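A.B. asks: Attaching a single structure in structure tokens format; questions to follow.
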Amino acid sequence: MTSFSHQPVLLRQTVELLVHDPAGIYIDATLGGGGHAQEILKHLTTGHLIGLDRDPDAIEYCREKFGDSIRLIQTQFSKIQRELSPIAPTGVQGVLFDFGVSSYQIENPARGFSFQQDGPLDLRMNPTSGQSAADLIRSLSLQELRRILRTYGEEPQATRITKAIIKARQQAPIETTAQLANVISKSVPAAGVKALARVFQALRIAVNDELEEIVLGLENAWTSLAAGGRLVALSYHSLEDRRVKTFFASKSRTCTCPPEQPICTCGGQAQAISLTKRVVRPTLEEIAKNPRARSARLRAIQKR
């Protein structure tokens, strides 16, 4: 069995918000190591759970872990509606998103997600599809690479780092995590691991088109919900959470008319009820047990 250890974040709060009908159909759209899925199953009676993940390692692991308890689909969560239409034509009772990267992906050197371990500079959620980070670094212009570091990594030294990468790739291809980490560290020695983390995050987001995936995934999930269905999302940095917060707010507004329109004509009926008036964060106790939970933010809405 593939070693796919991953400690689920805000487990109790997430599942309590998600599962409101033990006979319903639920979607774990970011299956990973199945930590949340395992807890969801405990709350179902005659209900069903469908697990999605674009990572073939996650699908393989959960197939061995759960057997026939979960219906597994390897796909990007932006394709939820297409996958669910023939399975649940009347809609589902809940969809869970746990955004970001799993512990397995970070800790497996062969996947290239971590600057702390040497491995191929890959960073793809699905290592069999699309361009790797090495491909991007090899082909992108200085301007485009700088934009990625600024936009997705919010890196203040993006220009200096980008110039160093361009200069280094002219000498030899940058194909491993150690090679890239060395270039970054030499270009901004005072920034330390923070610069490394920001650059690797930026490349990961670009390689996997993560922010567009989030927007499309939320829209598809919303369309797939039955009346009363719930949408629950865990995010781990501001770029993710901003998109979740904006989407949830758009569904919870009582008026959706254009701001320049003087009179409301939409009827003033919100499409959703917010289940988390304030963002839910992990306790100090959970953070002590799982430091990666520190930045987690949990939000949930219910479709009217």
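In the structure tokens, each chain is lettered A, B, ... as it comes, each chain's residues begin at 1, and ligands are numbered from 1 in order of appearance.
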Please provide the set of residues having any atom within 7 Å of Met125 (chain A), restricted to only C-alpha atoms, with same-chain residues fewer than 4 positions apart removed, written as a VMD selection string.

C.D. replies: chain A and resid 54 to 55 208

A.B. asks: Near region 84-90 of chain A, counting only C-alpha atoms, which residues have an atom at most 9 Å away, once you skip same-chain residues fewer than 3 positions from it, shown as a ChimeraX atom specification?

C.D. replies: /A:25,79-81,224-226

A.B. asks: When you draw a straight line from CA of Val193 (chain A) to CA of Glu155 (chain A), how long is it in Å?

C.D. replies: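 It comes out at 12.1 Å.
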
A.B. asks: Would you mind listing what lies within 12 Å of Gln269 (chain A) as a list in words, with only C-alpha atoms counted and same-chain residues fewer than 4 positions away left out?

C.D. replies: Ser250, Lys251, Ser252, Arg253, Thr254, Cys255, Thr256, Cys257, Cys264, Thr265, Ile273, Lys303 and Arg304 of chain A

A.B. asks: What is the CA of His20 (chain A) to CA of Gln93 (chain A) distance in Å?

C.D. replies: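 Pair CA of His20 (chain A) / CA of Gln93 (chain A) returns 7.9 Å.
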
A.B. asks: Region 110-207 of chain A near region 97-102 of chain A within 10 Å: what's each residue's closest atom pair and its distance in Å to one decimal, counting only C-alpha atoms, ordered by chain then ascending residue number, as a tab-separated table?

C.D. replies:
residue	atom	partner	partner_atom	distance
A:Phe113	CA	A:Val101	CA	8.5
A:Leu123	CA	A:Val101	CA	9.8
A:Met125	CA	A:Val101	CA	8.2
A:Gln201	CA	A:Gly100	CA	9.7
A:Arg204	CA	A:Val101	CA	9.2
A:Ile205	CA	A:Gly100	CA	9.1

A.B. asks: Export, as a PDB file, in the first residue's frame, the selected residues with N, CA and C atoms.

C.D. replies:
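Heads up, here's the output in part25.pdb:
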ATOM      1  N   PHE A 113       7.679  18.519  -4.181  1.00  0.00           N
ATOM      2  CA  PHE A 113       6.920  19.607  -3.567  1.00  0.00           C
ATOM      3  C   PHE A 113       7.712  20.373  -2.507  1.00  0.00           C
ATOM      4  N   LEU A 123       6.190  19.024  -8.847  1.00  0.00           N
ATOM      5  CA  LEU A 123       5.133  19.839  -8.230  1.00  0.00           C
ATOM      6  C   LEU A 123       3.744  19.634  -8.822  1.00  0.00           C
ATOM      7  N   MET A 125       0.142  17.869  -9.053  1.00  0.00           N
ATOM      8  CA  MET A 125      -0.776  17.050  -8.268  1.00  0.00           C
ATOM      9  C   MET A 125      -1.009  15.701  -8.955  1.00  0.00           C
ATOM     10  N   GLN A 201       5.626  27.652  -3.409  1.00  0.00           N
ATOM     11  CA  GLN A 201       4.168  27.785  -3.420  1.00  0.00           C
ATOM     12  C   GLN A 201       3.701  28.383  -4.744  1.00  0.00           C
ATOM     13  N   ARG A 204       3.984  25.859  -7.529  1.00  0.00           N
ATOM     14  CA  ARG A 204       2.985  24.798  -7.366  1.00  0.00           C
ATOM     15  C   ARG A 204       1.601  25.270  -7.829  1.00  0.00           C
ATOM     16  N   ILE A 205       1.242  26.487  -7.444  1.00  0.00           N
ATOM     17  CA  ILE A 205      -0.053  27.034  -7.836  1.00  0.00           C
ATOM     18  C   ILE A 205      -0.133  27.186  -9.347  1.00  0.00           C
TER      19      ILE A 205
END

A.B. asks: Need the shell around Ala58 (chain A): protein/DNA/RNA residues with any atom at most 12 Å away, counting only C-alpha atoms. Skip same-chain ones fewer than 6 positions apart. Format as a PDB file with N, CA and C atoms, in the first residue's frame?

C.D. replies:
ATOM      1  N   MET A   1       0.846  -1.195   0.000  1.00  0.00           N
ATOM      2  CA  MET A   1       0.000   0.000   0.000  1.00  0.00           C
ATOM      3  C   MET A   1       0.881   1.245   0.000  1.00  0.00           C
ATOM      4  N   THR A   2       0.554   2.226  -0.837  1.00  0.00           N
ATOM      5  CA  THR A   2       1.275   3.490  -0.859  1.00  0.00           C
ATOM      6  C   THR A   2       1.200   4.156   0.498  1.00  0.00           C
ATOM      7  N   SER A   3       2.330   4.659   0.983  1.00  0.00           N
ATOM      8  CA  SER A   3       2.337   5.374   2.251  1.00  0.00           C
ATOM      9  C   SER A   3       1.764   6.766   2.023  1.00  0.00           C
ATOM     10  N   PHE A   4       0.554   7.015   2.489  1.00  0.00           N
ATOM     11  CA  PHE A   4      -0.127   8.283   2.217  1.00  0.00           C
ATOM     12  C   PHE A   4      -0.637   8.880   3.527  1.00  0.00           C
ATOM     13  N   SER A   5       0.276   9.043   4.478  1.00  0.00           N
ATOM     14  CA  SER A   5      -0.111   9.578   5.777  1.00  0.00           C
ATOM     15  C   SER A   5      -0.494  11.045   5.646  1.00  0.00           C
ATOM     16  N   HIS A   6      -1.594  11.404   6.283  1.00  0.00           N
ATOM     17  CA  HIS A   6      -2.026  12.802   6.278  1.00  0.00           C
ATOM     18  C   HIS A   6      -2.974  12.996   7.453  1.00  0.00           C
ATOM     19  N   ALA A  29     -14.155  16.077  -2.220  1.00  0.00           N
ATOM     20  CA  ALA A  29     -13.593  16.476  -3.507  1.00  0.00           C
ATOM     21  C   ALA A  29     -12.069  16.518  -3.505  1.00  0.00           C
ATOM     22  N   THR A  30     -11.467  16.390  -2.337  1.00  0.00           N
ATOM     23  CA  THR A  30     -10.006  16.403  -2.199  1.00  0.00           C
ATOM     24  C   THR A  30      -9.632  15.255  -1.266  1.00  0.00           C
ATOM     25  N   LEU A  31      -9.742  14.059  -1.754  1.00  0.00           N
ATOM     26  CA  LEU A  31      -9.699  12.858  -0.923  1.00  0.00           C
ATOM     27  C   LEU A  31      -8.393  12.691  -0.156  1.00  0.00           C
ATOM     28  N   GLY A  32      -7.263  12.863  -0.822  1.00  0.00           N
ATOM     29  CA  GLY A  32      -5.972  12.714  -0.156  1.00  0.00           C
ATOM     30  C   GLY A  32      -5.819  11.351   0.484  1.00  0.00           C
ATOM     31  N   GLY A  33      -5.409  11.340   1.751  1.00  0.00           N
ATOM     32  CA  GLY A  33      -5.233  10.092   2.479  1.00  0.00           C
ATOM     33  C   GLY A  33      -6.507   9.560   3.108  1.00  0.00           C
ATOM     34  N   GLY A  34      -7.637  10.225   2.870  1.00  0.00           N
ATOM     35  CA  GLY A  34      -8.925   9.719   3.343  1.00  0.00           C
ATOM     36  C   GLY A  34      -9.225   9.985   4.807  1.00  0.00           C
ATOM     37  N   GLY A  35      -8.513  10.932   5.429  1.00  0.00           N
ATOM     38  CA  GLY A  35      -8.751  11.220   6.837  1.00  0.00           C
ATOM     39  C   GLY A  35     -10.152  11.752   7.105  1.00  0.00           C
ATOM     40  N   GLY A  51     -15.477   9.899  -3.468  1.00  0.00           N
ATOM     41  CA  GLY A  51     -14.193  10.552  -3.264  1.00  0.00           C
ATOM     42  C   GLY A  51     -13.521  10.909  -4.577  1.00  0.00           C
ATOM     43  N   LEU A  52     -13.068  12.166  -4.684  1.00  0.00           N
ATOM     44  CA  LEU A  52     -12.375  12.643  -5.875  1.00  0.00           C
ATOM     45  C   LEU A  52     -10.950  13.054  -5.517  1.00  0.00           C
ATOM     46  N   GLU A  64      -7.333   0.797  -1.587  1.00  0.00           N
ATOM     47  CA  GLU A  64      -6.888  -0.276  -0.693  1.00  0.00           C
ATOM     48  C   GLU A  64      -7.416  -0.064   0.725  1.00  0.00           C
ATOM     49  N   LYS A  65      -7.545   1.176   1.123  1.00  0.00           N
ATOM     50  CA  LYS A  65      -7.971   1.496   2.492  1.00  0.00           C
ATOM     51  C   LYS A  65      -9.472   1.279   2.704  1.00  0.00           C
ATOM     52  N   PHE A  66     -10.281   1.690   1.730  1.00  0.00           N
ATOM     53  CA  PHE A  66     -11.732   1.689   1.915  1.00  0.00           C
ATOM     54  C   PHE A  66     -12.462   0.590   1.139  1.00  0.00           C
ATOM     55  N   LEU A  72     -14.726   5.883  -5.914  1.00  0.00           N
ATOM     56  CA  LEU A  72     -13.545   6.699  -6.181  1.00  0.00           C
ATOM     57  C   LEU A  72     -13.504   7.148  -7.635  1.00  0.00           C
ATOM     58  N   ILE A  73     -13.139   8.426  -7.830  1.00  0.00           N
ATOM     59  CA  ILE A  73     -13.021   8.979  -9.175  1.00  0.00           C
ATOM     60  C   ILE A  73     -11.744   9.814  -9.237  1.00  0.00           C
ATOM     61  N   GLN A  74     -10.841   9.456 -10.138  1.00  0.00           N
ATOM     62  CA  GLN A  74      -9.645  10.269 -10.321  1.00  0.00           C
ATOM     63  C   GLN A  74      -9.954  11.376 -11.302  1.00  0.00           C
ATOM     64  N   THR A  75     -10.007  12.599 -10.804  1.00  0.00           N
ATOM     65  CA  THR A  75     -10.312  13.750 -11.647  1.00  0.00           C
ATOM     66  C   THR A  75     -10.005  15.025 -10.889  1.00  0.00           C
ATOM     67  N   VAL A 101      -1.892  21.232  -0.277  1.00  0.00           N
ATOM     68  CA  VAL A 101      -1.077  20.064  -0.599  1.00  0.00           C
ATOM     69  C   VAL A 101      -1.075  19.121   0.597  1.00  0.00           C
ATOM     70  N   SER A 102      -1.015  17.813   0.344  1.00  0.00           N
ATOM     71  CA  SER A 102      -1.069  16.835   1.428  1.00  0.00           C
ATOM     72  C   SER A 102       0.319  16.596   2.011  1.00  0.00           C
ATOM     73  N   SER A 103       0.345  16.040   3.220  1.00  0.00           N
ATOM     74  CA  SER A 103       1.615  15.701   3.864  1.00  0.00           C
ATOM     75  C   SER A 103       2.395  14.708   3.014  1.00  0.00           C
ATOM     76  N   TYR A 104       1.689  13.765   2.425  1.00  0.00           N
ATOM     77  CA  TYR A 104       2.347  12.759   1.576  1.00  0.00           C
ATOM     78  C   TYR A 104       3.083  13.426   0.423  1.00  0.00           C
ATOM     79  N   GLN A 105       2.420  14.356  -0.232  1.00  0.00           N
ATOM     80  CA  GLN A 105       3.043  15.013  -1.373  1.00  0.00           C
ATOM     81  C   GLN A 105       4.274  15.809  -0.957  1.00  0.00           C
ATOM     82  N   MET A 125       0.142  17.869  -9.053  1.00  0.00           N
ATOM     83  CA  MET A 125      -0.776  17.050  -8.268  1.00  0.00           C
ATOM     84  C   MET A 125      -1.009  15.701  -8.955  1.00  0.00           C
ATOM     85  N   ASN A 126      -1.077  15.737 -10.280  1.00  0.00           N
ATOM     86  CA  ASN A 126      -1.150  14.513 -11.075  1.00  0.00           C
ATOM     87  C   ASN A 126       0.139  14.428 -11.885  1.00  0.00           C
ATOM     88  N   PRO A 127       1.088  13.593 -11.458  1.00  0.00           N
ATOM     89  CA  PRO A 127       2.399  13.559 -12.111  1.00  0.00           C
ATOM     90  C   PRO A 127       2.397  12.998 -13.526  1.00  0.00           C
TER      91      PRO A 127
END

A.B. asks: Could you pull the residues within 7 Å of region 134-137 of chain A, counting only C-alpha atoms, minus those fewer than 5 positions along the same chain, as a PyMOL selection string?

C.D. replies: chain A and resi 121-122+174-175

A.B. asks: Convert the current residue selection to file output with N, CA and C atoms, as a PDB file, in the first residue's frame.

C.D. replies:
ATOM      1  N   LEU A 121      12.140  18.362  -9.932  1.00  0.00           N
ATOM      2  CA  LEU A 121      11.355  19.590  -9.767  1.00  0.00           C
ATOM      3  C   LEU A 121      10.037  19.424 -10.518  1.00  0.00           C
ATOM      4  N   ASP A 122       9.096  18.743  -9.878  1.00  0.00           N
ATOM      5  CA  ASP A 122       7.849  18.377 -10.531  1.00  0.00           C
ATOM      6  C   ASP A 122       6.697  19.267 -10.075  1.00  0.00           C
ATOM      7  N   ILE A 174      17.593  23.689 -14.798  1.00  0.00           N
ATOM      8  CA  ILE A 174      17.243  23.537 -13.382  1.00  0.00           C
ATOM      9  C   ILE A 174      16.193  22.437 -13.315  1.00  0.00           C
ATOM     10  N   GLU A 175      16.594  21.271 -12.869  1.00  0.00           N
ATOM     11  CA  GLU A 175      15.720  20.103 -12.947  1.00  0.00           C
ATOM     12  C   GLU A 175      15.411  19.462 -11.608  1.00  0.00           C
TER      13      GLU A 175
END

A.B. asks: Give the helix (DSSP H, G or I) residues of region 97-272 of chain A, as DSSP finds them on the backbone, and put them as a VMD selection string.

C.D. replies: chain A and resid 103 to 107 109 to 111 133 to 139 142 to 153 158 to 171 177 to 187 193 to 208 210 to 224 238 to 252

A.B. asks: Write out the residues from the selection above, keeping C-alpha atoms, as a short mmCIF file (atom, residue, chain, number, x, y, z; two decimals), in the first residue's frame.

C.D. replies:
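Saved to part_36.cif:
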data_model
loop_
_atom_site.label_atom_id
_atom_site.label_comp_id
_atom_site.auth_asym_id
_atom_site.auth_seq_id
_atom_site.Cartn_x
_atom_site.Cartn_y
_atom_site.Cartn_z
CA SER A 103 1.61 15.70 3.86
CA TYR A 104 2.35 12.76 1.58
CA GLN A 105 3.04 15.01 -1.37
CA ILE A 106 5.32 17.25 0.69
CA GLU A 107 7.23 14.38 2.27
CA PRO A 109 10.94 13.56 -2.58
CA ALA A 110 9.91 12.02 -5.89
CA ARG A 111 7.00 14.48 -6.16
CA ALA A 133 7.75 23.09 -12.54
CA ALA A 134 11.01 22.28 -14.34
CA ASP A 135 9.17 22.69 -17.65
CA LEU A 136 7.85 26.10 -16.60
CA ILE A 137 11.24 27.35 -15.43
CA ARG A 138 12.80 26.17 -18.68
CA SER A 139 10.27 27.87 -20.95
CA LEU A 142 11.50 36.64 -17.21
CA GLN A 143 8.32 38.74 -17.14
CA GLU A 144 5.97 35.76 -16.86
CA LEU A 145 8.07 34.00 -14.24
CA ARG A 146 8.27 37.19 -12.19
CA ARG A 147 4.48 37.59 -12.44
CA ILE A 148 3.99 34.09 -11.07
CA LEU A 149 6.28 34.71 -8.10
CA ARG A 150 4.61 38.02 -7.31
CA THR A 151 1.02 36.92 -7.83
CA TYR A 152 1.03 33.39 -6.42
CA GLY A 153 3.87 33.66 -3.91
CA ALA A 158 10.51 38.38 -7.20
CA THR A 159 12.63 40.40 -9.61
CA ARG A 160 15.95 39.46 -8.04
CA ILE A 161 15.01 35.77 -7.75
CA THR A 162 13.71 35.62 -11.31
CA LYS A 163 16.87 37.16 -12.74
CA ALA A 164 18.93 34.62 -10.80
CA ILE A 165 16.82 31.74 -12.17
CA ILE A 166 17.13 33.01 -15.75
CA LYS A 167 20.91 33.37 -15.36
CA ALA A 168 21.25 29.90 -13.82
CA ARG A 169 19.18 28.17 -16.50
CA GLN A 170 21.43 29.66 -19.17
CA GLN A 171 24.32 27.74 -17.60
CA THR A 177 14.41 20.92 -6.07
CA ALA A 178 17.92 21.26 -4.64
CA GLN A 179 19.15 23.13 -7.72
CA LEU A 180 16.28 25.62 -7.52
CA ALA A 181 16.61 26.03 -3.75
CA ASN A 182 20.32 26.77 -4.17
CA VAL A 183 19.63 29.48 -6.78
CA ILE A 184 16.99 31.12 -4.58
CA SER A 185 19.11 31.01 -1.41
CA LYS A 186 22.12 32.57 -3.15
CA SER A 187 20.03 35.33 -4.72
CA VAL A 193 13.36 29.68 4.12
CA LYS A 194 10.51 32.18 3.74
CA ALA A 195 11.60 33.01 0.19
CA LEU A 196 11.99 29.31 -0.59
CA ALA A 197 8.49 28.59 0.69
CA ARG A 198 6.96 31.46 -1.28
CA VAL A 199 8.66 30.52 -4.55
CA PHE A 200 7.76 26.84 -4.28
CA GLN A 201 4.17 27.79 -3.42
CA ALA A 202 3.98 30.09 -6.43
CA LEU A 203 5.30 27.45 -8.81
CA ARG A 204 2.98 24.80 -7.37
CA ILE A 205 -0.05 27.03 -7.84
CA ALA A 206 0.98 27.84 -11.41
CA VAL A 207 1.75 24.23 -12.34
CA ASN A 208 -1.62 22.99 -11.08
CA GLU A 210 -4.88 25.90 -8.38
CA LEU A 211 -6.68 29.23 -8.03
CA GLU A 212 -8.73 28.76 -11.20
CA GLU A 213 -9.43 25.20 -10.07
CA ILE A 214 -10.82 26.53 -6.78
CA VAL A 215 -13.17 28.96 -8.50
CA LEU A 216 -14.40 26.34 -10.98
CA GLY A 217 -14.61 23.69 -8.28
CA LEU A 218 -16.77 25.85 -6.01
CA GLU A 219 -19.07 26.78 -8.89
CA ASN A 220 -19.43 23.15 -9.99
CA ALA A 221 -20.00 21.97 -6.43
CA TRP A 222 -22.70 24.61 -5.88
CA THR A 223 -24.52 23.53 -9.02
CA SER A 224 -24.30 19.90 -7.87
CA SER A 238 -4.91 34.01 1.80
CA LEU A 239 -5.05 33.35 -1.94
CA GLU A 240 -7.20 30.26 -1.39
CA ASP A 241 -9.31 31.73 1.40
CA ARG A 242 -9.99 34.93 -0.52
CA ARG A 243 -11.67 32.97 -3.29
CA VAL A 244 -13.69 30.85 -0.87
CA LYS A 245 -14.77 33.90 1.12
CA THR A 246 -15.76 35.82 -2.03
CA PHE A 247 -17.74 32.89 -3.44
CA PHE A 248 -19.55 32.18 -0.17
CA ALA A 249 -20.34 35.87 0.29
CA SER A 250 -21.80 36.08 -3.22
CA LYS A 251 -24.19 33.23 -2.44
CA SER A 252 -25.14 34.62 0.98
#

A.B. asks: Could you give me, as a count of residues only, the residues within 8 Å of Ile40 (chain A), counting only C-alpha atoms and dropping anything in the same chain fewer than 4 positions from it?

C.D. replies: 5

A.B. asks: Please report, as a PyMOL selection string, each residue of region 175-264 of chain A to which DSSP assigns strand (DSSP E) when run on this structure's backbone.

C.D. replies: chain A and resi 225-235

A.B. asks: Report the distance between CA of Pro291 (chain A) and CA of Leu10 (chain A) in Å, rounded to one decimal place.

C.D. replies: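 Value for the CA of Pro291 (chain A)-CA of Leu10 (chain A) distance: 12.3 Å.
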
A.B. asks: So, with only C-alpha atoms as the atoms that count, which of A:Arg299, A:Asp21, A:Ala37, A:Thr283 lies closest to Pro8 (chain A)?

C.D. replies: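 Residue with the minimum atom-to-atom distance to Pro8 (chain A): A:Ala37.
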